[in-house]
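Shown next: input-v7.txt, containing compact mmCIF, C-alpha atoms.
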# COMPACT_ATOMS: atom_id res chain seq x y z
CA SER V 1 138.45 173.14 4.10
CA VAL V 2 137.68 174.46 7.59
CA GLU V 3 138.52 172.31 10.62
CA GLY V 4 138.61 169.19 8.46
CA GLU V 5 135.32 169.70 6.67
CA GLU V 6 134.04 171.54 3.62
CA VAL V 7 133.09 175.20 3.99
CA GLU V 8 129.37 174.53 3.49
CA ALA V 9 129.41 171.76 6.08
CA TYR V 10 131.18 174.01 8.60
CA VAL V 11 128.63 176.80 8.12
CA THR V 12 125.55 174.59 8.24
CA GLY V 13 126.85 172.82 11.35
CA PHE V 14 128.19 176.00 12.95
CA GLN V 15 128.64 176.11 16.70
CA TRP V 16 130.11 179.01 18.61
CA ASP V 17 133.78 178.30 19.39
CA GLU V 18 134.07 178.93 23.13
CA ALA V 19 137.76 178.01 23.13
CA ARG V 20 138.57 180.82 20.72
CA PHE V 21 135.96 183.41 21.65
CA ALA V 22 134.39 183.08 25.09
CA SER V 23 130.73 184.08 24.83
CA SER V 24 130.85 185.33 28.42
CA ASP V 25 133.16 188.19 27.35
CA PRO V 26 131.72 191.55 26.26
CA LEU V 27 130.96 191.71 22.54
CA ASN V 28 133.46 194.52 22.04
CA GLU V 29 136.26 192.38 23.49
CA ILE V 30 135.28 189.41 21.31
CA LYS V 31 135.34 191.70 18.30
CA ASP V 32 138.82 192.98 19.22
CA VAL V 33 140.12 189.41 19.56
CA ILE V 34 138.77 188.48 16.14
CA VAL V 35 140.08 191.62 14.46
CA GLY V 36 143.50 191.11 16.10
CA GLN V 37 143.66 187.52 14.91
CA VAL V 38 142.83 188.45 11.32
CA GLY V 39 145.28 191.35 11.46
CA ARG V 40 148.11 189.01 12.48
CA LEU V 41 147.21 186.66 9.64
CA GLU V 42 147.37 189.57 7.21
CA GLU V 43 150.79 190.70 8.46
CA ASP V 44 152.12 187.15 8.29
CA MET V 45 150.79 186.81 4.76
CA LYS V 46 152.51 190.05 3.67
CA LEU V 47 155.88 188.86 5.05
CA ARG V 48 155.61 185.41 3.46
CA LEU V 49 154.47 186.86 0.15
CA ALA V 50 157.32 189.40 0.15
CA ASP V 51 159.90 186.65 0.74
CA TYR V 52 158.44 184.47 -2.00
CA THR V 53 158.17 187.39 -4.43
CA GLN V 54 161.81 188.32 -3.87
CA VAL V 55 163.01 184.79 -4.67
CA ARG V 56 160.65 184.48 -7.63
CA GLN V 57 161.85 187.78 -9.10
CA ALA V 58 165.50 186.74 -8.73
CA ARG V 59 164.67 183.46 -10.47
CA SER V 60 162.81 185.26 -13.26
CA ALA V 61 165.70 187.68 -13.77
CA ILE V 62 168.15 184.81 -14.39
CA GLU V 63 165.64 182.97 -16.59
CA ARG V 64 165.11 186.11 -18.69
CA ARG V 65 168.85 186.41 -19.22
CA SER V 66 168.86 183.00 -20.89
CA GLN V 67 165.86 183.78 -23.10
CA GLY V 68 164.98 186.27 -25.80
CA ASN V 69 167.03 187.32 -28.80
CA LEU V 70 170.67 188.35 -28.97
CA MET V 71 169.77 191.93 -28.09
CA ALA V 72 168.48 190.91 -24.66
CA ARG V 73 169.79 187.54 -23.54
CA SER V 74 172.96 187.01 -21.56
CA LEU V 75 176.05 186.33 -23.64
CA ALA V 76 177.67 184.30 -20.85
CA ALA V 77 176.40 181.00 -22.23
CA ILE V 78 176.99 181.99 -25.87
CA VAL V 79 180.53 183.35 -26.04
CA THR V 80 183.32 180.76 -25.81
CA PRO V 81 187.05 181.41 -25.18
CA GLU V 82 188.15 181.04 -28.82
CA PHE V 83 186.24 184.21 -29.74
CA VAL V 84 187.77 186.31 -26.95
CA THR V 85 190.75 188.66 -27.28
CA GLU V 86 191.66 190.39 -24.04
CA THR V 87 195.17 191.82 -23.59
CA GLU V 88 196.74 194.93 -22.13
CA HIS V 89 196.02 196.90 -25.30
CA MET V 90 193.28 195.02 -27.15
CA THR V 91 189.76 193.86 -26.38
CA THR V 92 186.79 192.27 -28.12
CA ALA V 93 183.70 194.31 -28.92
CA TRP V 94 180.50 192.29 -29.14
CA VAL V 95 178.29 193.63 -31.91
CA VAL V 96 174.67 192.59 -32.53
CA VAL V 97 173.70 193.06 -36.17
CA PRO V 98 170.25 192.65 -37.76
CA ARG V 99 170.41 189.67 -40.12
CA TYR V 100 169.26 191.74 -43.08
CA ASN V 101 172.10 194.19 -42.42
CA GLU V 102 174.92 191.63 -42.04
CA PRO V 103 176.54 192.27 -45.46
CA ASP V 104 176.66 196.01 -44.75
CA PHE V 105 178.29 195.37 -41.37
CA LEU V 106 181.00 193.12 -42.83
CA GLN V 107 181.76 195.72 -45.44
CA ALA V 108 181.82 198.66 -43.03
CA TYR V 109 183.08 197.50 -39.61
CA GLU V 110 186.79 198.12 -40.30
CA SER V 111 186.01 201.77 -41.06
CA LEU V 112 183.91 202.37 -37.93
CA GLY V 113 187.00 203.26 -35.92
CA ALA V 114 190.65 204.04 -36.55
CA LEU V 115 191.90 201.30 -34.21
CA VAL V 116 189.85 198.32 -35.42
CA VAL V 117 191.95 195.23 -36.19
CA PRO V 118 191.39 194.38 -39.88
CA ARG V 119 189.63 191.12 -40.71
CA SER V 120 189.03 190.42 -36.99
CA ALA V 121 185.21 190.07 -37.15
CA ALA V 122 184.19 186.58 -36.03
CA ARG V 123 180.64 185.27 -36.32
CA VAL V 124 179.78 183.98 -32.83
CA ALA V 125 176.05 183.18 -32.88
CA GLU V 126 172.77 183.90 -34.61
CA ASP V 127 169.04 183.72 -33.99
CA ALA V 128 165.96 184.44 -36.08
CA GLU V 129 166.54 188.21 -36.01
CA TYR V 130 170.18 188.99 -35.24
CA VAL V 131 173.78 187.87 -35.67
CA LEU V 132 176.46 188.31 -32.98
CA TYR V 133 179.99 189.27 -34.04
CA GLY V 134 183.16 189.65 -32.03
CA VAL V 135 185.45 192.41 -33.33
CA THR V 136 188.97 193.00 -32.00
CA VAL V 137 189.64 196.67 -31.24
CA PHE V 138 192.51 198.51 -29.56
CA LYS V 139 191.25 199.72 -26.18
CA LYS V 140 192.12 203.31 -26.97
CA GLY V 141 189.72 203.22 -29.89
CA ILE V 142 186.78 201.35 -28.34
CA ASP V 143 184.67 204.47 -27.73
CA GLU V 144 185.15 205.62 -31.32
CA PHE V 145 184.15 202.17 -32.58
CA LYS V 146 181.01 202.17 -30.41
CA ALA V 147 180.04 205.60 -31.74
CA GLY V 148 180.53 204.41 -35.31
CA CYS V 149 178.34 201.37 -34.67
CA ARG V 150 175.57 203.55 -33.24
CA GLU V 151 175.57 205.68 -36.38
CA LYS V 152 175.12 202.54 -38.50
CA ARG V 153 172.49 201.12 -36.10
CA PHE V 154 174.66 198.25 -34.94
CA THR V 155 174.46 197.49 -31.21
CA VAL V 156 177.57 196.95 -29.11
CA ARG V 157 176.71 194.82 -26.08
CA ASP V 158 178.39 195.65 -22.75
CA PHE V 159 179.84 192.26 -21.93
CA LYS V 160 183.02 191.10 -20.23
CA PHE V 161 183.83 187.45 -20.75
CA ASP V 162 184.01 185.30 -17.62
CA PRO V 163 184.59 181.58 -18.21
CA ASP V 164 182.81 180.71 -14.95
CA ALA V 165 179.76 182.99 -15.39
CA ALA V 166 177.56 180.52 -17.28
CA ALA V 167 178.17 177.76 -14.72
CA GLU V 168 177.54 180.17 -11.84
CA ASP V 169 174.28 181.37 -13.39
CA SER V 170 173.16 177.78 -13.93
CA GLU V 171 173.99 176.87 -10.32
CA THR V 172 172.28 179.98 -8.96
CA LEU V 173 169.19 179.31 -11.07
CA ALA V 174 168.97 175.72 -9.81
CA GLU V 175 169.17 176.95 -6.20
CA LEU V 176 166.51 179.63 -6.80
CA VAL V 177 164.20 177.16 -8.55
CA GLU V 178 164.45 174.80 -5.60
CA GLU V 179 163.98 177.60 -3.06
CA SER V 180 161.01 179.14 -4.87
CA ASP V 181 159.34 175.71 -5.21
CA VAL V 182 159.83 175.04 -1.49
CA GLN V 183 158.47 178.48 -0.59
CA ALA V 184 155.51 178.08 -2.94
CA SER V 185 154.62 174.74 -1.36
CA SER V 186 155.01 176.20 2.14
CA PHE V 187 152.92 179.25 1.20
CA ARG V 188 150.13 177.07 -0.19
CA SER V 189 150.03 175.01 3.02
CA TRP V 190 150.05 178.13 5.16
CA SER V 191 147.35 179.73 2.99
CA GLU V 192 145.03 176.78 3.54
CA THR V 193 145.44 177.11 7.32
CA ALA V 194 145.16 180.90 7.19
CA PHE V 195 142.01 180.69 5.07
CA ALA V 196 140.39 178.39 7.60
CA GLU V 197 141.31 180.73 10.48
CA ALA V 198 140.09 183.81 8.61
CA PHE V 199 136.87 182.07 7.54
CA ILE V 200 136.13 180.99 11.12
CA ALA V 201 136.72 184.55 12.29
CA MET V 202 134.46 185.93 9.55
CA VAL V 203 131.60 183.58 10.41
CA HIS V 204 131.82 184.51 14.10
CA ILE V 205 131.76 188.21 13.18
CA LYS V 206 128.66 187.59 11.05
CA VAL V 207 127.00 185.84 13.99
CA ILE V 208 127.82 188.77 16.28
CA ARG V 209 126.46 191.21 13.74
CA THR V 210 123.30 189.16 13.31
CA PHE V 211 122.77 189.22 17.07
CA VAL V 212 123.45 192.95 17.43
CA GLU V 213 121.30 193.98 14.49
CA SER V 214 118.46 191.75 15.67
CA VAL V 215 118.51 193.37 19.11
CA LEU V 216 118.57 196.82 17.51
CA ARG V 217 115.73 195.86 15.20
CA PHE V 218 113.45 193.90 17.49
CA GLY V 219 114.57 194.96 20.96
CA LEU V 220 114.81 193.00 24.21
CA PRO V 221 114.28 190.43 25.55
CA VAL V 222 116.04 188.39 22.88
CA ASP V 223 113.45 186.34 21.03
CA PHE V 224 114.61 185.55 17.52
CA GLU V 225 116.12 182.71 15.52
CA ALA V 226 118.89 182.74 12.89
CA SER V 227 118.62 180.54 9.80
CA LEU V 228 120.97 179.77 6.93
CA LEU V 229 119.40 179.78 3.46
CA LEU V 230 121.11 178.83 0.19
CA PRO V 231 118.70 179.38 -2.72
CA SER V 232 119.63 178.97 -6.36
CA LYS V 233 120.00 182.17 -8.38
CA LYS V 234 116.68 181.57 -10.13
CA GLN V 235 114.82 181.07 -6.84
CA GLU V 236 116.23 184.07 -4.95
CA SER V 237 113.47 186.56 -5.83
CA ARG V 238 110.78 183.97 -5.09
CA LEU V 239 112.37 183.29 -1.70
CA ARG V 240 112.46 187.02 -0.95
CA SER V 241 108.76 187.35 -1.71
CA GLY V 242 107.93 184.39 0.50
CA LEU V 243 109.97 185.77 3.41
CA VAL V 244 108.29 189.17 3.10
CA GLU V 245 104.86 187.49 3.24
CA LEU V 246 105.92 185.58 6.36
CA PHE V 247 107.69 188.37 8.22
CA GLY V 248 106.34 191.59 6.73
CA HIS V 249 104.43 192.26 9.96
CA LEU V 250 107.76 192.59 11.80
CA SER V 251 108.60 195.84 10.00
CA GLY V 252 106.54 197.74 12.51
CA SER V 253 107.81 201.30 12.77
CA VAL V 254 111.46 200.50 12.16
CA GLY V 255 111.60 201.41 8.49
CA GLY V 256 111.01 200.19 4.92
CA ALA V 257 107.89 198.60 3.53
CA THR V 258 105.46 196.27 5.24
CA ALA V 259 103.93 193.22 3.64
CA GLY V 260 101.07 195.40 2.48
CA GLY V 261 103.44 197.80 0.76
CA GLU V 262 103.04 200.67 3.26
CA GLU V 263 106.06 202.92 3.68
CA VAL V 264 107.39 203.30 7.20
CA THR V 265 110.09 205.44 8.77
CA VAL V 266 113.76 204.65 8.20
CA VAL V 267 115.89 205.04 11.32
CA PRO V 268 119.25 206.70 10.42
CA GLY V 269 122.25 204.78 11.74
CA VAL V 270 120.18 201.65 12.34
CA ILE V 271 118.92 200.71 8.88
CA SER V 272 118.93 202.32 5.47
CA GLU V 273 116.40 202.26 2.67
CA LYS V 274 118.75 200.20 0.49
CA ASP V 275 118.11 196.45 0.60
CA PHE V 276 115.81 196.74 3.61
CA TYR V 277 113.87 193.64 4.57
CA PRO V 278 111.47 193.03 7.46
CA TYR V 279 114.03 190.63 8.87
CA VAL V 280 117.76 190.90 9.53
CA TYR V 281 119.66 189.83 6.44
CA LEU V 282 123.41 189.28 6.05
CA GLU V 283 125.20 187.79 3.10
CA LEU V 284 127.82 185.23 4.09
Before anything else, please render the file you have as structure tokens.
Amino acid sequence: SVEGEEVEAYVTGFQWDEARFASSDPLNEIKDVIVGQVGRLEEDMKLRLADYTQVRQARSAIERRSQGNLMARSLAAIVTPEFVTETEHMTTAWVVVPRYNEPDFLQAYESLGALVVPRSAARVAEDAEYVLYGVTVFKKGIDEFKAGCREKRFTVRDFKFDPDAAAEDSETLAELVEESDVQASSFRSWSETAFAEAFIAMVHIKVIRTFVESVLRFGLPVDFEASLLLPSKKQESRLRSGLVELFGHLSGSVGGATAGGEEVTVVPGVISEKDFYPYVYLEL
């Protein structure tokens, strides 16, 4: 809405806003005021949108970590302490194995590195495509084990167990959800106000342009009237024909075609041959 009323009602009941744009000022100054106002709205919109986008992206990043298959999702909420071995000399390697290849992995994993602890593979989780195993490996042999897994097309996830990580992610996500919802609501409210301000500015610019083009077309003293027409799509061509019949005589020597179809001179910089009518026409 614009100033408490629907857009169509505002346009059809339009009155020049003297409080915003004093009609006693030169047209160029009025234009500069309008352009400056719209420019400030645009800059404000960019800042608000950047802030909202940043929060939304952070929220999406955490949400993505809790979704997807075992190749992509965060292991923080999956791995529990009983599967973790972390000492001065040993660590747990987290291996993602395609379900169809699980028997091969169980048969081969002890031979994928010289320092793999025998019979240490523990099945941690599964989804529709993959199975996650924890394998205990001496730290000196972890690189060799990773290389062996790559050769067999098993994926070792880079993951260090933190018992507080899942809770921290959950808390951070809750905060980001709340913040993004608040910002979205604020942005919607601001957008409604900004739209109204921008629409008012646009209508005033259209009125200025109508005035200027009418003076350029028909000269001084000012003796013309502006009307707002809203035809249906099917009636547009019929309306055009009727307006040409009424105002074709106003073409004079300005350019385009008269009501009788005679070609007249086009004035460069004032009017072009494209969409020329014997009256000033602007689309709102």
Select all residues near (183.2, 194.5, -25.0) (cut-off 10 Å, inclusive, file coordinates), counting all atoms listed in the file, and output them as an mmCIF file with C-alpha atoms, keeping the file's coordinate frame.
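Okay, this is what ended up in result.cif:
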data_model
loop_
_atom_site.group_PDB
_atom_site.id
_atom_site.type_symbol
_atom_site.label_atom_id
_atom_site.label_comp_id
_atom_site.auth_asym_id
_atom_site.auth_seq_id
_atom_site.Cartn_x
_atom_site.Cartn_y
_atom_site.Cartn_z
ATOM 1 C CA VAL V 84 187.770 186.310 -26.950
ATOM 2 C CA THR V 85 190.750 188.660 -27.280
ATOM 3 C CA GLU V 86 191.660 190.390 -24.040
ATOM 4 C CA THR V 91 189.760 193.860 -26.380
ATOM 5 C CA THR V 92 186.790 192.270 -28.120
ATOM 6 C CA ALA V 93 183.700 194.310 -28.920
ATOM 7 C CA TRP V 94 180.500 192.290 -29.140
ATOM 8 C CA VAL V 95 178.290 193.630 -31.910
ATOM 9 C CA GLY V 134 183.160 189.650 -32.030
ATOM 10 C CA VAL V 135 185.450 192.410 -33.330
ATOM 11 C CA THR V 136 188.970 193.000 -32.000
ATOM 12 C CA VAL V 137 189.640 196.670 -31.240
ATOM 13 C CA LYS V 139 191.250 199.720 -26.180
ATOM 14 C CA ILE V 142 186.780 201.350 -28.340
ATOM 15 C CA LYS V 146 181.010 202.170 -30.410
ATOM 16 C CA VAL V 156 177.570 196.950 -29.110
ATOM 17 C CA ARG V 157 176.710 194.820 -26.080
ATOM 18 C CA ASP V 158 178.390 195.650 -22.750
ATOM 19 C CA PHE V 159 179.840 192.260 -21.930
ATOM 20 C CA LYS V 160 183.020 191.100 -20.230
ATOM 21 C CA PHE V 161 183.830 187.450 -20.750
#
**Message:** Could you list, as a list in words, every residue within 12 Å of Gly39 (chain V), counting all atoms listed in the file and ignoring same-chain residues fewer than 4 positions away?
**Reply:**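 Those residues are Asp32, Val33, Ile34, Val35, Glu43, Asp44, Met45, Lys46, Ala194, Glu197, Ala198 and Ala201 of chain V.
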**Prompt:** Is there a way to get, as an MDAnalysis selection string, all residues within 12 Å of the point (128.0, 190.2, 12.3) in file coordinates, counting only C-alpha atoms?
**Reply:** chainID V and resid 27:28 30:31 34 201:214 226 280:284
Next, the residues of the selection above should be written as a tab-separated table (two decimals), keeping the file's coordinate frame with C-alpha atoms.
chain	number	residue	atom	x	y	z
V	27	LEU	CA	130.96	191.71	22.54
V	28	ASN	CA	133.46	194.52	22.04
V	30	ILE	CA	135.28	189.41	21.31
V	31	LYS	CA	135.34	191.70	18.30
V	34	ILE	CA	138.77	188.48	16.14
V	201	ALA	CA	136.72	184.55	12.29
V	202	MET	CA	134.46	185.93	9.55
V	203	VAL	CA	131.60	183.58	10.41
V	204	HIS	CA	131.82	184.51	14.10
V	205	ILE	CA	131.76	188.21	13.18
V	206	LYS	CA	128.66	187.59	11.05
V	207	VAL	CA	127.00	185.84	13.99
V	208	ILE	CA	127.82	188.77	16.28
V	209	ARG	CA	126.46	191.21	13.74
V	210	THR	CA	123.30	189.16	13.31
V	211	PHE	CA	122.77	189.22	17.07
V	212	VAL	CA	123.45	192.95	17.43
V	213	GLU	CA	121.30	193.98	14.49
V	214	SER	CA	118.46	191.75	15.67
V	226	ALA	CA	118.89	182.74	12.89
V	280	VAL	CA	117.76	190.90	9.53
V	281	TYR	CA	119.66	189.83	6.44
V	282	LEU	CA	123.41	189.28	6.05
V	283	GLU	CA	125.20	187.79	3.10
V	284	LEU	CA	127.82	185.23	4.09
**Message:** Between CA of Val11 (chain V) and CA of Thr193 (chain V), what distance in Å does the model show, to one decimal?
**Reply:**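 About the pair CA of Val11 (chain V) and CA of Thr193 (chain V): they are 16.8 Å apart.
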**Between CA of Arg150 (chain V) and CA of Gly113 (chain V) - distance in Å to one decimal** = 11.7 Å
**Request:** Could you jot down the CA of Ile78 (chain V) to CA of Ala128 (chain V) separation for me, Å, one decimal place?
**Result:**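 Between CA of Ile78 (chain V) and CA of Ala128 (chain V) the gap is 15.2 Å.
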**Item:** Option closest in space to Ala174 (chain V), from V:Leu115, V:Val96, V:Ala58, V:Ala19 [counting all atoms listed in the file]
**Value:**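 Smallest separation from Ala174 (chain V) among the options: V:Ala58.
Residue nearest Leu246 (chain V), chosen from V:Phe224, V:Tyr279, V:Glu102, V:Arg48 and counting all atoms listed in the file: V:Tyr279.
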**Request:** Would you please work out which residue, of V:Glu18, V:Asp51, V:Gln107, V:Ser24, is nearest to Ser186 (chain V) when using all atoms listed in the file?
**Result:**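 Smallest distance to Ser186 (chain V) is found for V:Asp51.
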**Message:** Given all atoms listed in the file as the basis, pick out the residue of V:Glu63, V:Asp127, V:Asp25, V:Glu110 nearest to Ser170 (chain V).
**Reply:**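 Looking at the shortest contact to Ser170 (chain V), the residue is V:Glu63.
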**Asked** Which residue, V:Asn69, V:His89, V:Pro221, V:Ser74, has the smallest gap to Phe138 (chain V) when you use all atoms listed in the file?
**Response**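 Looking at the shortest contact to Phe138 (chain V), the residue is V:His89.
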Once 4 Å is added on each side, what centre and edge lengths in Å to one decimal does the axis-aligned box around all listed atoms of region 38-52 of chain V have, as lines of an AutoDock Vina configuration file?
center_x = 151.4
center_y = 187.9
center_z = 5.2
size_x = 25.1
size_y = 14.9
size_z = 22.5
